[in-house]
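Undergrad: Here you go, start.cif (mmCIF, C-alpha atoms and all ligand atoms):
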data_coords
#
loop_
_atom_site.label_atom_id
_atom_site.label_comp_id
_atom_site.auth_asym_id
_atom_site.auth_seq_id
_atom_site.Cartn_x
_atom_site.Cartn_y
_atom_site.Cartn_z
CA MET A 1 -11.34 -24.91 56.57
CA SER A 2 -13.80 -25.12 59.45
CA ASN A 3 -17.33 -26.34 58.71
CA SER A 4 -18.87 -24.24 61.43
CA TYR A 5 -17.31 -20.84 60.80
CA ASN A 6 -16.36 -18.51 57.99
CA VAL A 7 -13.14 -16.56 58.26
CA VAL A 8 -13.41 -13.15 56.63
CA GLN A 9 -10.78 -10.46 56.36
CA PHE A 10 -11.69 -7.27 58.21
CA SER A 11 -10.67 -5.27 55.11
CA ASP A 12 -13.16 -7.18 52.90
CA PHE A 13 -16.03 -6.21 55.18
CA LYS A 14 -14.77 -2.64 55.30
CA ASP A 15 -14.66 -2.50 51.48
CA LEU A 16 -18.20 -3.85 51.32
CA ALA A 17 -19.32 -1.30 53.89
CA LYS A 18 -17.99 1.52 51.71
CA GLU A 19 -20.19 0.35 48.83
CA ASP A 20 -23.29 -0.54 50.80
CA GLU A 21 -24.69 1.79 53.44
CA ARG A 22 -26.96 -0.86 54.92
CA PHE A 23 -24.09 -3.28 55.33
CA ALA A 24 -22.02 -0.48 56.88
CA GLU A 25 -24.65 -0.17 59.64
CA VAL A 26 -24.80 -3.93 60.12
CA PHE A 27 -21.02 -4.14 60.38
CA GLU A 28 -20.94 -1.26 62.85
CA SER A 29 -23.40 -3.03 65.11
CA MET A 30 -21.49 -6.33 64.83
CA LEU A 31 -18.36 -4.57 66.03
CA ALA A 32 -20.23 -2.70 68.76
CA SER A 33 -21.58 -5.93 70.20
CA PHE A 34 -18.15 -7.54 70.48
CA SER A 35 -17.31 -8.11 74.13
CA ASN A 36 -14.54 -9.75 76.11
CA ASN A 37 -16.56 -9.52 79.31
CA GLY A 38 -13.96 -7.10 80.63
CA ILE A 39 -11.26 -9.81 80.67
CA ASN A 40 -8.90 -8.11 78.25
CA LYS A 41 -9.60 -4.48 77.37
CA ASP A 42 -6.86 -4.36 74.72
CA VAL A 43 -8.43 -7.13 72.68
CA GLU A 44 -11.85 -5.45 72.72
CA THR A 45 -10.50 -1.97 72.01
CA PHE A 46 -8.37 -3.26 69.17
CA ILE A 47 -11.23 -4.68 67.12
CA LYS A 48 -13.48 -1.71 67.80
CA LYS A 49 -11.04 1.15 67.40
CA LYS A 50 -7.71 0.08 65.94
CA ALA A 51 -8.14 -2.84 63.54
CA GLU A 52 -9.16 -0.62 60.62
CA GLN A 53 -6.17 1.69 60.95
CA PHE A 54 -3.74 -1.18 61.45
CA ASP A 55 -5.20 -2.83 58.37
CA ASN A 56 -4.98 0.30 56.22
CA MET A 57 -1.42 0.95 57.32
CA ASN A 58 -0.40 -2.69 56.84
CA MET A 59 0.64 -2.89 60.49
CA ALA A 60 -1.47 -6.02 61.05
CA LYS A 61 -4.23 -7.86 59.25
CA THR A 62 -7.36 -8.80 61.14
CA TYR A 63 -9.42 -11.91 60.46
CA LEU A 64 -13.00 -12.13 61.66
CA VAL A 65 -14.32 -15.56 62.54
CA MET A 66 -17.99 -15.40 61.59
CA ASP A 67 -20.82 -17.85 62.10
CA LYS A 68 -21.92 -19.70 58.94
CA GLY A 69 -24.68 -17.21 58.22
CA LEU A 70 -22.24 -14.27 58.53
CA ASN A 71 -24.51 -12.70 61.13
CA GLU A 72 -22.12 -12.28 64.01
CA ILE A 73 -18.45 -12.04 64.87
CA CYS A 74 -17.66 -15.10 67.02
CA GLY A 75 -14.03 -14.18 67.49
CA TYR A 76 -11.07 -12.66 65.72
CA TYR A 77 -7.32 -12.69 65.39
CA SER A 78 -4.74 -10.28 64.00
CA ILE A 79 -1.43 -11.22 62.51
CA VAL A 80 1.60 -9.54 61.03
CA SER A 81 4.93 -10.63 59.68
CA LYS A 82 7.37 -9.26 62.25
CA SER A 83 10.70 -10.64 63.34
CA ILE A 84 11.43 -11.57 66.93
CA THR A 85 14.10 -9.12 68.02
CA ILE A 86 16.31 -10.18 70.89
CA LYS A 87 18.82 -7.77 72.32
CA GLN A 88 22.40 -8.94 72.55
CA ARG A 89 22.33 -8.87 76.37
CA ASP A 90 19.34 -11.25 76.39
CA TRP A 91 20.57 -13.46 73.53
CA GLY A 92 23.59 -14.47 75.58
CA LYS A 93 21.33 -15.52 78.47
CA LEU A 94 19.49 -18.10 76.35
CA SER A 95 20.81 -21.65 76.28
CA LYS A 96 22.81 -22.70 73.26
CA SER A 97 20.12 -25.16 72.20
CA VAL A 98 17.39 -22.49 72.35
CA ARG A 99 19.61 -20.10 70.37
CA LYS A 100 20.22 -22.84 67.81
CA LYS A 101 16.52 -23.52 67.45
CA LEU A 102 15.78 -19.83 67.03
CA ASN A 103 18.60 -19.03 64.68
CA PRO A 104 20.55 -21.99 63.27
CA PHE A 105 22.83 -19.61 61.35
CA GLY A 106 23.63 -17.15 64.12
CA TYR A 107 23.43 -19.07 67.38
CA LYS A 108 27.14 -18.88 68.06
CA ASP A 109 27.22 -15.13 67.69
CA THR A 110 26.47 -13.61 71.08
CA SER A 111 27.97 -10.24 70.20
CA SER A 112 24.98 -8.70 68.41
CA ASP A 113 21.20 -8.29 68.54
CA GLN A 114 19.24 -11.01 66.75
CA ASN A 115 16.27 -10.88 64.39
CA ILE A 116 14.43 -14.14 63.80
CA PRO A 117 11.95 -14.22 60.89
CA ALA A 118 8.55 -14.77 62.48
CA ILE A 119 4.82 -14.17 62.43
CA LEU A 120 3.30 -12.28 65.34
CA LEU A 121 -0.14 -13.29 66.55
CA GLY A 122 -0.90 -9.78 67.77
CA GLN A 123 -4.46 -10.25 69.01
CA LEU A 124 -6.86 -13.10 69.56
CA GLY A 125 -10.18 -13.07 71.34
CA ARG A 126 -13.59 -14.66 71.57
CA ASN A 127 -16.78 -12.62 71.42
CA PHE A 128 -18.49 -13.47 74.70
CA ASN A 129 -21.69 -11.81 73.43
CA ALA A 130 -22.07 -14.05 70.40
CA ASP A 131 -24.92 -16.57 70.29
CA ASN A 132 -22.59 -18.96 68.53
CA LYS A 133 -19.88 -19.40 71.11
CA ILE A 134 -16.57 -20.41 69.63
CA SER A 135 -14.03 -22.03 71.95
CA GLY A 136 -10.53 -20.64 72.35
CA ASN A 137 -9.25 -23.93 70.90
CA GLU A 138 -11.27 -23.56 67.72
CA LEU A 139 -10.27 -19.93 67.36
CA LEU A 140 -6.59 -20.68 67.78
CA SER A 141 -6.83 -23.59 65.31
CA LEU A 142 -8.37 -21.31 62.71
CA SER A 143 -5.59 -18.77 63.25
CA PHE A 144 -3.03 -21.57 62.71
CA GLU A 145 -4.63 -22.39 59.35
CA THR A 146 -4.29 -18.79 58.20
CA ILE A 147 -0.78 -18.45 59.57
CA LYS A 148 0.43 -21.70 58.01
CA SER A 149 -0.79 -20.75 54.57
CA ILE A 150 0.86 -17.33 54.83
CA SER A 151 4.17 -18.55 56.25
CA SER A 152 4.47 -21.28 53.62
CA GLN A 153 4.60 -18.48 51.06
CA ILE A 154 6.63 -15.78 52.77
CA GLY A 155 8.66 -17.66 55.40
CA GLY A 156 8.76 -17.09 59.12
CA ARG A 157 10.55 -19.56 61.36
CA TYR A 158 8.49 -18.97 64.48
CA LEU A 159 5.00 -17.98 65.47
CA TYR A 160 4.99 -15.86 68.60
CA LEU A 161 2.84 -13.73 70.84
CA GLU A 162 3.19 -11.58 73.90
CA ALA A 163 0.81 -12.13 76.78
CA ASP A 164 0.18 -11.39 80.43
CA ASP A 165 1.77 -13.98 82.64
CA THR A 166 -1.41 -15.71 83.89
CA GLN A 167 -2.04 -19.38 84.57
CA LYS A 168 -5.01 -19.43 82.21
CA LEU A 169 -3.05 -18.08 79.24
CA THR A 170 -0.03 -20.25 80.03
CA ASN A 171 -2.20 -23.39 79.99
CA PHE A 172 -4.04 -22.26 76.90
CA TYR A 173 -0.94 -21.58 74.81
CA THR A 174 1.27 -24.41 76.07
CA ASN A 175 -1.56 -26.88 75.37
CA HIS A 176 -1.27 -25.75 71.76
CA GLY A 177 2.46 -26.26 71.35
CA PHE A 178 3.76 -22.89 72.50
CA SER A 179 6.49 -22.55 75.07
CA TYR A 180 7.81 -19.64 77.09
CA LEU A 181 10.92 -18.03 75.76
CA SER A 182 13.06 -18.43 78.86
CA PHE A 183 16.64 -18.03 79.93
CA VAL A 184 19.10 -20.69 80.99
CA ASP A 185 18.59 -19.64 84.65
CA GLY A 186 14.88 -20.55 84.34
CA SER A 187 13.53 -16.99 84.37
CA CYS A 188 11.24 -15.83 81.57
CA TYR A 189 12.17 -13.39 78.87
CA LYS A 190 10.08 -10.24 79.41
CA THR A 191 9.02 -7.84 76.68
CA LYS A 192 9.21 -4.09 77.11
CA ASN A 193 5.56 -4.16 78.27
CA ASN A 194 6.63 -6.66 80.93
CA GLN A 195 4.74 -9.48 79.25
CA VAL A 196 5.99 -12.98 78.56
CA MET A 197 6.67 -14.28 75.08
CA PHE A 198 5.22 -17.55 73.85
CA ILE A 199 6.89 -19.08 70.82
CA LYS A 200 6.08 -22.02 68.56
CA LYS A 201 8.17 -23.36 65.72
CA MET A 202 6.21 -22.92 62.53
CA ASN A 203 6.15 -26.49 61.22
CA ASP A 204 5.89 -28.25 64.60
C1 LIG B 301 -8.04 -16.50 75.63
C2 LIG B 301 -9.34 -17.12 75.13
C3 LIG B 301 -9.36 -17.11 73.56
C4 LIG B 301 -9.39 -18.56 75.63
O1 LIG B 301 -10.63 -19.16 75.33
P1 LIG B 301 -11.08 -20.51 76.10
O2 LIG B 301 -9.91 -21.43 76.18
O3 LIG B 301 -12.28 -21.03 75.37
O4 LIG B 301 -11.36 -20.11 77.57
P2 LIG B 301 -12.60 -19.28 78.20
O5 LIG B 301 -12.88 -18.07 77.37
O6 LIG B 301 -13.73 -20.21 78.46
O7 LIG B 301 -11.97 -18.79 79.58
C5 LIG B 301 -11.67 -19.70 80.61
C6 LIG B 301 -11.29 -18.94 81.86
O8 LIG B 301 -10.08 -18.19 81.61
C7 LIG B 301 -10.26 -16.84 81.99
N1 LIG B 301 -9.46 -15.97 81.10
C8 LIG B 301 -9.63 -15.80 79.77
N2 LIG B 301 -8.75 -14.92 79.28
C9 LIG B 301 -8.00 -14.52 80.31
C10 LIG B 301 -6.93 -13.61 80.46
N3 LIG B 301 -6.48 -12.89 79.39
N4 LIG B 301 -6.39 -13.45 81.68
C11 LIG B 301 -6.84 -14.15 82.74
N5 LIG B 301 -7.87 -15.02 82.69
C12 LIG B 301 -8.44 -15.21 81.49
C13 LIG B 301 -11.75 -16.60 81.80
O9 LIG B 301 -12.17 -15.52 82.61
C14 LIG B 301 -12.33 -17.93 82.27
O10 LIG B 301 -12.40 -17.94 83.69
P3 LIG B 301 -13.58 -18.76 84.44
O11 LIG B 301 -13.38 -20.18 84.05
O12 LIG B 301 -13.29 -18.47 85.87
O13 LIG B 301 -14.86 -18.18 83.94
C15 LIG B 301 -10.60 -16.35 75.62
O14 LIG B 301 -10.75 -16.54 77.03
C16 LIG B 301 -10.56 -14.87 75.36
O15 LIG B 301 -10.99 -14.42 74.30
N6 LIG B 301 -10.07 -14.10 76.37
C17 LIG B 301 -10.04 -12.65 76.29
C18 LIG B 301 -9.02 -12.16 75.29
C19 LIG B 301 -7.61 -12.60 75.65
O16 LIG B 301 -7.19 -12.54 76.78
N7 LIG B 301 -6.87 -13.00 74.59
C20 LIG B 301 -5.50 -13.48 74.74
C21 LIG B 301 -4.56 -12.36 74.56
S1 LIG B 301 -2.89 -12.97 74.65
#
What does this structure look like when you write it as structure tokens?
Ligand SMILES: CC(C)(COP(=O)(O)OP(=O)(O)OC[C@H]1O[C@@H](n2cnc3c(N)ncnc32)[C@H](O)[C@@H]1OP(=O)(O)O)[C@@H](O)C(=O)NCCC(=O)NCCS

TA:
Amino acid sequence: MSNSYNVVQFSDFKDLAKEDERFAEVFESMLASFSNNGINKDVETFIKKKAEQFDNMNMAKTYLVMDKGLNEICGYYSIVSKSITIKQRDWGKLSKSVRKKLNPFGYKDTSSDQNIPAILLGQLGRNFNADNKISGNELLSLSFETIKSISSQIGGRYLYLEADDTQKLTNFYTNHGFSYLSFVDGSCYKTKNNQVMFIKKMND
């Protein structure tokens, strides 16, 4: 566990806010001051408007990375257990070795869609407004700690995420052990939102 930050589940703060009106106001203003400096609207909108619903509906769990004094949200990440689904037409375009890594039991079968047990890192972002500025590296490392402890209990062969295909994000994720999911012809697998998929084997 980090010495500089406290990781708190969004739902724990929400529960506290239901019991304590003053804390509810404080939490509201913490969320309101979260900013991505306009870099990624989805990440900002998610924490402000969607995290609670996703949490309640068990669609994703959000973790707030707080400063030691629990005064501000320095960053956050959201995760959910969700398999990587690869359509049959795409599965056949992956090299045999990639297929084997993804699914050691089903890599020879190119006649059906594939589901690989995985954990999705759905959101991750720094709060650019925070006094205590966490780095992307620290934030990602904290998310790995949470993800490792969860996957050791429930399984999940890969950690993955979908992202815009930018140089910054490519450097950021590949520096932390992720690689593009890409086809044998060198092109990248694209999600239905036309994003790229970064994958990382869980115990690598
Ligand atoms: C991704 C992130 C955690 C990386 O943190 P970091 O490694 O400490 O890097 P910084 O925040 O200092 O950003 C470095 C540069 O990358 C740029 N950048 C950050 N996220 C970017 C994105 N999603 N797309 C394009 N450029 C991005 C920043 O604008 C900055 O540019 P500058 O050096 O010209 O000012 C952080 O930048 C962030 O929270 N970004 C917004 C949310 C986001 O995009 N999350 C990833 C979703 S897949």

Undergrad: Work out how far apart CA of Asp42 (chain A) and CA of His176 (chain A) are and give it in Å to one decimal.

TA: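 According to the coordinates, CA of Asp42 (chain A) and CA of His176 (chain A) are separated by 22.3 Å.
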
Undergrad: For Asn194 (chain A), please output as a compact mmCIF listing (two decimals) with C-alpha atoms, in the frame of the given file all residues within 10 Å (counting all atoms listed in the file; exclusion window: fewer than 5 positions along the same chain).

TA:
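As a result, out-v1.txt now contains:
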# COMPACT_ATOMS: atom_id res chain seq x y z
CA GLU A 162 3.19 -11.58 73.90
CA ALA A 163 0.81 -12.13 76.78
CA ASP A 164 0.18 -11.39 80.43
CA ASP A 165 1.77 -13.98 82.64
CA TYR A 189 12.17 -13.39 78.87

Undergrad: Nearest to ligand LIG 301 (chain B): which of A:Asn132, A:Thr146, A:Ser35, A:Ser81 is it, counting all atoms listed in the file?

TA: A:Ser35

Undergrad: Do you know which residues are within 9 Å of ligand LIG 301 (chain B) using only C-alpha atoms and all ligand atoms? Can you write them as JSON, numbers by chain?

TA: {"A": [35, 36, 37, 38, 39, 40, 41, 42, 43, 44, 75, 76, 121, 122, 123, 124, 125, 126, 127, 128, 133, 134, 135, 136, 137, 138, 139, 140, 161, 162, 163, 164, 165, 166, 167, 168, 169, 171, 172, 173]}

Undergrad: With all atoms listed in the file as the atoms that count, which of A:Arg157, A:Ile73, A:Trp91, A:Ser78 lies nearest to Met59 (chain A)?

TA: A:Ser78

Undergrad: Name all residues at most 10 Å from Gln114 (chain A) (count only C-alpha atoms; drop same-chain ones fewer than 6 positions away) and give them as a list in words.

TA: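 The residues satisfying every condition are Ser83, Ile84, Thr85, Ile86, Lys87, Gln88, Asp90, Trp91, Arg99, Leu102, Asn103, Gly106 and Tyr107 of chain A.
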
Undergrad: Include C-alpha atoms and write out the residues we just selected as a PDB file, keeping the file's coordinate frame.

TA:
ATOM      1  CA  SER A  83      10.700 -10.640  63.340  1.00  0.00           C
ATOM      2  CA  ILE A  84      11.430 -11.570  66.930  1.00  0.00           C
ATOM      3  CA  THR A  85      14.100  -9.120  68.020  1.00  0.00           C
ATOM      4  CA  ILE A  86      16.310 -10.180  70.890  1.00  0.00           C
ATOM      5  CA  LYS A  87      18.820  -7.770  72.320  1.00  0.00           C
ATOM      6  CA  GLN A  88      22.400  -8.940  72.550  1.00  0.00           C
ATOM      7  CA  ASP A  90      19.340 -11.250  76.390  1.00  0.00           C
ATOM      8  CA  TRP A  91      20.570 -13.460  73.530  1.00  0.00           C
ATOM      9  CA  ARG A  99      19.610 -20.100  70.370  1.00  0.00           C
ATOM     10  CA  LEU A 102      15.780 -19.830  67.030  1.00  0.00           C
ATOM     11  CA  ASN A 103      18.600 -19.030  64.680  1.00  0.00           C
ATOM     12  CA  GLY A 106      23.630 -17.150  64.120  1.00  0.00           C
ATOM     13  CA  TYR A 107      23.430 -19.070  67.380  1.00  0.00           C
TER      14      TYR A 107
END

Undergrad: Just to confirm, what's the straight-line distance from CA of Ile47 (chain A) to CA of Glu25 (chain A) in Å (one decimal)?

TA: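 One can read the CA of Ile47 (chain A) to CA of Glu25 (chain A) distance as 16.0 Å.
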
Undergrad: I need the residue nearest Ile199 (chain A) from this list: A:Phe13, A:Phe54, A:Phe183, A:Phe178. Use all atoms listed in the file for the distance.

TA: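 Selected residue with least distance to Ile199 (chain A): A:Phe178.
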
Undergrad: Near Val8 (chain A), counting all atoms listed in the file, which residues have an atom at most 9 Å away, once you skip same-chain residues fewer than 3 positions from it, shown as number ranges by chain?

TA: A: 11-13, 62-66

Undergrad: Kindly provide, as AutoDock Vina command-line options, the centre and edge lengths (Å, one decimal) of an axis-aligned box around all atoms of region 145-163 of chain A given in the file, with 8 Å on each side.

TA:
--center_x 3.0 --center_y -17.0 --center_z 63.9 --size_x 31.2 --size_y 26.8 --size_z 41.7

Undergrad: Quick one: of A:Leu181, A:Ile154, A:Asn175, A:Val7, who's nearest to Cys74 (chain A), counting only C-alpha atoms?

TA: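 Using only C-alpha atoms, Cys74 (chain A) sits closest to A:Val7.
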
Undergrad: Point out the residue among A:Ser111, A:Ser4, A:Ser179, A:Asn71 with the least atom-to-atom distance to Tyr158 (chain A), counting only C-alpha atoms.

TA: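 For Tyr158 (chain A), the nearest of the given residues is A:Ser179.
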
Undergrad: Any idea what the distance is between CA of Gly69 (chain A) and CA of Asn3 (chain A)?

TA: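 Separating CA of Gly69 (chain A) from CA of Asn3 (chain A) is a distance of 11.7 Å.
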
Undergrad: Using all atoms listed in the file, can you tell me which of A:Ala51, A:Met197, A:Met57, A:Val80 comes closest to Tyr160 (chain A)?

TA: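 Of the candidates, the smallest distance to Tyr160 (chain A) is held by A:Met197.
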
Undergrad: Any chance you could export region 86-111 of chain A with N, CA, C and O atoms, as a tab-separated table (two decimals), in the first residue's frame?

TA:
chain	number	residue	atom	x	y	z
A	86	ILE	N	-13.56	-11.72	-28.40
A	86	ILE	CA	-13.00	-11.52	-29.75
A	86	ILE	C	-13.82	-12.33	-30.74
A	86	ILE	O	-13.99	-13.55	-30.57
A	87	LYS	N	-14.35	-11.60	-31.70
A	87	LYS	CA	-15.18	-12.25	-32.73
A	87	LYS	C	-14.34	-13.25	-33.53
A	87	LYS	O	-13.14	-13.03	-33.74
A	88	GLN	N	-15.02	-14.26	-34.00
A	88	GLN	CA	-14.35	-15.32	-34.76
A	88	GLN	C	-13.53	-14.76	-35.92
A	88	GLN	O	-12.39	-15.18	-36.15
A	89	ARG	N	-14.11	-13.76	-36.63
A	89	ARG	CA	-13.38	-13.23	-37.80
A	89	ARG	C	-12.06	-12.56	-37.39
A	89	ARG	O	-11.09	-12.58	-38.13
A	90	ASP	N	-12.02	-11.98	-36.19
A	90	ASP	CA	-10.79	-11.34	-35.71
A	90	ASP	C	-9.83	-12.36	-35.10
A	90	ASP	O	-8.61	-12.23	-35.21
A	91	TRP	N	-10.39	-13.34	-34.42
A	91	TRP	CA	-9.58	-14.37	-33.75
A	91	TRP	C	-8.64	-15.04	-34.75
A	91	TRP	O	-7.46	-15.23	-34.48
A	92	GLY	N	-9.15	-15.33	-35.92
A	92	GLY	CA	-8.36	-15.99	-36.95
A	92	GLY	C	-7.25	-15.11	-37.50
A	92	GLY	O	-6.29	-15.61	-38.11
A	93	LYS	N	-7.37	-13.80	-37.28
A	93	LYS	CA	-6.34	-12.87	-37.81
A	93	LYS	C	-5.18	-12.65	-36.82
A	93	LYS	O	-4.21	-11.98	-37.13
A	94	LEU	N	-5.35	-13.20	-35.61
A	94	LEU	CA	-4.26	-13.10	-34.62
A	94	LEU	C	-3.26	-14.22	-34.86
A	94	LEU	O	-3.63	-15.31	-35.33
A	95	SER	N	-2.01	-13.97	-34.52
A	95	SER	CA	-1.01	-15.04	-34.73
A	95	SER	C	-1.31	-16.18	-33.75
A	95	SER	O	-1.95	-15.99	-32.71
A	96	LYS	N	-0.80	-17.34	-34.10
A	96	LYS	CA	-1.03	-18.51	-33.26
A	96	LYS	C	-0.47	-18.29	-31.85
A	96	LYS	O	-1.08	-18.65	-30.86
A	97	SER	N	0.71	-17.64	-31.79
A	97	SER	CA	1.31	-17.46	-30.45
A	97	SER	C	0.49	-16.49	-29.60
A	97	SER	O	0.36	-16.68	-28.40
A	98	VAL	N	-0.08	-15.45	-30.24
A	98	VAL	CA	-0.93	-14.53	-29.47
A	98	VAL	C	-2.19	-15.27	-29.01
A	98	VAL	O	-2.61	-15.15	-27.85
A	99	ARG	N	-2.77	-16.07	-29.92
A	99	ARG	CA	-3.98	-16.83	-29.54
A	99	ARG	C	-3.67	-17.77	-28.38
A	99	ARG	O	-4.45	-17.92	-27.46
A	100	LYS	N	-2.48	-18.36	-28.42
A	100	LYS	CA	-2.10	-19.31	-27.37
A	100	LYS	C	-1.94	-18.62	-26.02
A	100	LYS	O	-2.33	-19.13	-24.99
A	101	LYS	N	-1.35	-17.41	-26.11
A	101	LYS	CA	-1.18	-16.64	-24.86
A	101	LYS	C	-2.54	-16.27	-24.28
A	101	LYS	O	-2.77	-16.34	-23.08
A	102	LEU	N	-3.44	-15.84	-25.18
A	102	LEU	CA	-4.75	-15.40	-24.72
A	102	LEU	C	-5.58	-16.57	-24.19
A	102	LEU	O	-6.19	-16.48	-23.14
A	103	ASN	N	-5.59	-17.63	-24.96
A	103	ASN	CA	-6.44	-18.76	-24.57
A	103	ASN	C	-5.73	-20.09	-24.83
A	103	ASN	O	-5.87	-20.68	-25.90
A	104	PRO	N	-4.96	-20.56	-23.85
A	104	PRO	CA	-4.18	-21.79	-24.05
A	104	PRO	C	-5.06	-23.00	-24.34
A	104	PRO	O	-4.61	-23.97	-24.93
A	105	PHE	N	-6.33	-22.95	-23.94
A	105	PHE	CA	-7.21	-24.10	-24.20
A	105	PHE	C	-7.87	-24.03	-25.58
A	105	PHE	O	-8.22	-25.05	-26.15
A	106	GLY	N	-8.07	-22.81	-26.09
A	106	GLY	CA	-8.90	-22.72	-27.30
A	106	GLY	C	-8.19	-22.10	-28.49
A	106	GLY	O	-8.83	-21.70	-29.46
A	107	TYR	N	-6.84	-22.03	-28.44
A	107	TYR	CA	-6.15	-21.27	-29.49
A	107	TYR	C	-6.23	-21.91	-30.86
A	107	TYR	O	-6.15	-21.24	-31.88
A	108	LYS	N	-6.47	-23.22	-30.87
A	108	LYS	CA	-6.52	-23.89	-32.18
A	108	LYS	C	-7.89	-23.72	-32.84
A	108	LYS	O	-8.02	-23.91	-34.04
A	109	ASP	N	-8.86	-23.38	-32.05
A	109	ASP	CA	-10.22	-23.28	-32.56
A	109	ASP	C	-10.46	-21.89	-33.16
A	109	ASP	O	-10.65	-20.92	-32.44
A	110	THR	N	-10.45	-21.82	-34.46
A	110	THR	CA	-10.68	-20.52	-35.11
A	110	THR	C	-12.10	-20.46	-35.71
A	110	THR	O	-12.39	-19.64	-36.54
A	111	SER	N	-12.96	-21.36	-35.23
A	111	SER	CA	-14.30	-21.42	-35.82
A	111	SER	C	-15.36	-20.75	-34.94
A	111	SER	O	-16.53	-20.75	-35.27
